[in-house]
Amino acid sequence: MQHFLDYTENILIGFANWVWGMPLLLLLLGGGFFLMVYSRFLPFKHFGHAIAVLRGKYDHPDDPGQINHYEALSTALAATIGMGNISGVAVAITIGGPGALFWMWISAFVGMATKFYTCTLAVLYRGKDSNGEIQGGPMYVIVEGLGKAWRPLAVLFCITGMFGALPIFQANQLTQAISDIVLVPAGLVKANAESTFFSDLIIGIVITIFVSMVIFGGIKRIGKVAGKMVPVMALLYFFAVIVILLLNYEEVPRYFAMIFSNAFTAENYNGDPMLGGILGGLIILGTRRAAFSNEAGIGTAPMAHGAAKTKEPVREGLVAMLGPAIDTLFICTLTGLAILITGVWQTSDANGVSLTASAFNNAFPGFGSYILMICILIFSFTSLFSYSYYGSKCLGFLIGAHRQFYYNYFYVFTILVGATSSLTAIISLIDGMYALMAIPTMVSAILLAPKVNEKARDYFSRLKQTKD
């Protein structure tokens, strides 16, 4: 049995490394850079207006859609601000060192332009599901915007999206955190494979029950829950990490400089060479972890933003643009600095969430890991709530909205799989699916970019006339 599991894990690792090659890097990073330049940095110039839209200044209850701008961003952030920010960053630093953060920043910066385009398109080319409800997302953008001849590309997105949206990574890392931070130190579980598997299974069952109570309520319930929990989790985590940085303030400048210097020397990179060398491996690593964290160009967030109540596609694109800035440039950076300045990335053999827990415990001996545990619970559950919505929409597009609820049964079952499986296998599977999801998302965004620019010029022209 163990031989079969090892064989499966090797296949998944090989598949993820293969699909995350030069073509995808050019499509994701190069495509994002193209969109940023093609827009003439237009979305960045209207950051203040995006905040005003997010605050509800332009909300109209009679607009088409299901949730308001704030709830749409909260739902998207509930998925992106999660274990990718806590354990995903730890994985990046474990393999790539400080320089991995730099390439995560680059990916996030161009990802802001990507989010603007993909989420504007998600509202501009909304379609109707088999129940007659308005829906958004890359699959509808492809069919409504590019035409029915492009439907195979939409099908590819939906098939890979159902697997990319699975909760296995969140369940795995939440289970690991509960075991390592709470159960093992308390002596409730022994740190051996047999007892750990049993306890992981019990934790997985509890998570499954709790998540099921929320996700079967649909997007409106998810939006309301996420809208309340996202600000709480972001503030709690923010203040905890700020204290860590203040306690180690003398180390911040040195490690901040290392992020830039190591980005081009790959001095602390210990992964496999890619694109001809270790620097290529570091760039791929940073891009993969940023994509996993903020999902820019992957296509999940447009499904949430496509449900926003608005008649103005550009407004939702501007709100969506804030996602990578909040998620990667802000929260991932805080996590990365906490891991670096406490020195645990060099002194600990831990990986994933356990490494971040070590950083918290180093800063707050005796209780730091428990502070992180509170944050992890909120981060994980909000992610678990949101991803089910994405996968069910993908299934609904393929076999009809009246059957999409079947996905939720599959979804909650895989929580048990994630809770009891290897982190390496899980993260490789999700990385591979994200890579395949990015192909239809980015292709449609680049081909339909002129339509977005046209809508943006019209929108800002009308906005200017209104102000005048």
# chains A, B, ... in the order shown; residues from 1 in each chain; ligands from 1
$ residues_around --residues "A:Gly88" --least-positions-apart "3" --cutoff "9 Å" --atoms "only C-alpha atoms" --output "PDB file with N, CA and C atoms, in the first residue's frame"
ATOM      1  N   MET A  83      -4.746  29.154   3.983  1.00  0.00           N
ATOM      2  CA  MET A  83      -3.546  28.416   4.306  1.00  0.00           C
ATOM      3  C   MET A  83      -2.408  28.704   3.335  1.00  0.00           C
ATOM      4  N   GLY A  84      -2.729  29.202   2.142  1.00  0.00           N
ATOM      5  CA  GLY A  84      -1.678  29.595   1.206  1.00  0.00           C
ATOM      6  C   GLY A  84      -0.821  30.708   1.769  1.00  0.00           C
ATOM      7  N   ASN A  85      -1.431  31.565   2.588  1.00  0.00           N
ATOM      8  CA  ASN A  85      -0.686  32.675   3.202  1.00  0.00           C
ATOM      9  C   ASN A  85       0.146  32.227   4.400  1.00  0.00           C
ATOM     10  N   VAL A  91       6.252  26.969   2.721  1.00  0.00           N
ATOM     11  CA  VAL A  91       6.773  26.014   1.743  1.00  0.00           C
ATOM     12  C   VAL A  91       7.728  26.724   0.778  1.00  0.00           C
ATOM     13  N   ALA A  92       7.340  27.924   0.334  1.00  0.00           N
ATOM     14  CA  ALA A  92       8.172  28.686  -0.604  1.00  0.00           C
ATOM     15  C   ALA A  92       9.529  29.023  -0.002  1.00  0.00           C
ATOM     16  N   ILE A  93       9.539  29.460   1.258  1.00  0.00           N
ATOM     17  CA  ILE A  93      10.798  29.845   1.906  1.00  0.00           C
ATOM     18  C   ILE A  93      11.639  28.621   2.237  1.00  0.00           C
ATOM     19  N   ARG A 289       3.639  29.527  -5.957  1.00  0.00           N
ATOM     20  CA  ARG A 289       3.092  29.809  -4.625  1.00  0.00           C
ATOM     21  C   ARG A 289       2.225  31.067  -4.630  1.00  0.00           C
ATOM     22  N   ALA A 290       2.580  32.058  -5.455  1.00  0.00           N
ATOM     23  CA  ALA A 290       1.742  33.257  -5.557  1.00  0.00           C
ATOM     24  C   ALA A 290       0.412  32.923  -6.211  1.00  0.00           C
ATOM     25  N   PHE A 292      -1.077  30.068  -6.174  1.00  0.00           N
ATOM     26  CA  PHE A 292      -1.855  29.304  -5.205  1.00  0.00           C
ATOM     27  C   PHE A 292      -2.468  30.219  -4.159  1.00  0.00           C
ATOM     28  N   SER A 293      -1.757  31.284  -3.822  1.00  0.00           N
ATOM     29  CA  SER A 293      -2.216  32.190  -2.773  1.00  0.00           C
ATOM     30  C   SER A 293      -3.269  33.176  -3.269  1.00  0.00           C
ATOM     31  N   CYS A 332       1.016  37.806   2.727  1.00  0.00           N
ATOM     32  CA  CYS A 332       2.111  36.856   2.496  1.00  0.00           C
ATOM     33  C   CYS A 332       3.459  37.451   2.901  1.00  0.00           C
ATOM     34  N   GLY A 352       5.652  23.808   5.868  1.00  0.00           N
ATOM     35  CA  GLY A 352       4.244  24.168   5.858  1.00  0.00           C
ATOM     36  C   GLY A 352       3.836  24.919   7.108  1.00  0.00           C
ATOM     37  N   VAL A 353       2.644  24.610   7.593  1.00  0.00           N
ATOM     38  CA  VAL A 353       2.089  25.344   8.730  1.00  0.00           C
ATOM     39  C   VAL A 353       2.935  25.168   9.993  1.00  0.00           C
TER      40      VAL A 353
END
$ residues_around --residues "stretch 356-372 of chain A" --least-positions-apart "3" --cutoff "8 Å" --atoms "only C-alpha atoms" --output "list in words"
Ile86, Ser87, Ala90, Ile181, Val182, Tyr237, Ala240, Ile244, Leu247, Thr335, Ala338, Ile339, Thr342, Gly343, Val344, Ser348, Ala350, Gly352, Val353, Cys375 and Ile376 of chain A
$ closest_atom_pairs --of "stretch 257-358 of chain A" --to "stretch 146-160 of chain A" --cutoff "12 Å" --atoms "only C-alpha atoms" --output "CSV"
residue,atom,partner,partner_atom,distance
A:Gly297,CA,A:Phe157,CA,11.9
A:Ile298,CA,A:Phe157,CA,9.3
A:Gly299,CA,A:Phe157,CA,8.3
A:Thr300,CA,A:Phe157,CA,9.9
A:Met303,CA,A:Cys158,CA,11.3
$ residues_around --residues "stretch 134-140 of chain A" --least-positions-apart "5" --cutoff "6 Å" --atoms "only C-alpha atoms" --output "list of chain:residue names"
A:Ala122, A:Arg126, A:Gly127, A:Lys128, A:Ala154, A:Pro302, A:Met303, A:Gly306, A:Thr441
$ residues_around --residues "stretch 211-217 of chain A" --least-positions-apart "5" --cutoff "8 Å" --atoms "only C-alpha atoms" --output "NGL selection string"
:A and (222 or 381 or 384-386 or 388-389 or 405 or 408 or 412)
$ residues_around --residues "A:Leu26" --least-positions-apart "6" --cutoff "12 Å" --atoms "only C-alpha atoms" --output "JSON list (two decimals) with C-alpha atoms, in the first residue's frame"
[["chain", "number", "residue", "atom", "x", "y", "z"],
["A", 20, "TRP", "CA", 4.60, 24.47, -14.72],
["A", 32, "GLY", "CA", -0.16, 39.56, -16.86],
["A", 33, "PHE", "CA", 2.65, 41.94, -17.81],
["A", 34, "PHE", "CA", 1.09, 42.38, -21.25],
["A", 107, "SER", "CA", 3.58, 37.65, -9.73],
["A", 275, "LEU", "CA", 14.22, 26.51, -17.11],
["A", 283, "ILE", "CA", 11.10, 31.97, -10.37],
["A", 284, "ILE", "CA", 8.77, 29.02, -11.00],
["A", 287, "THR", "CA", 5.04, 32.08, -9.30],
["A", 435, "ALA", "CA", -1.83, 25.36, -14.12],
["A", 438, "ALA", "CA", -4.86, 29.15, -16.04],
["A", 439, "ILE", "CA", -4.71, 28.23, -19.74],
["A", 442, "MET", "CA", -5.52, 33.69, -19.55],
["A", 443, "VAL", "CA", -6.21, 32.89, -23.21]]
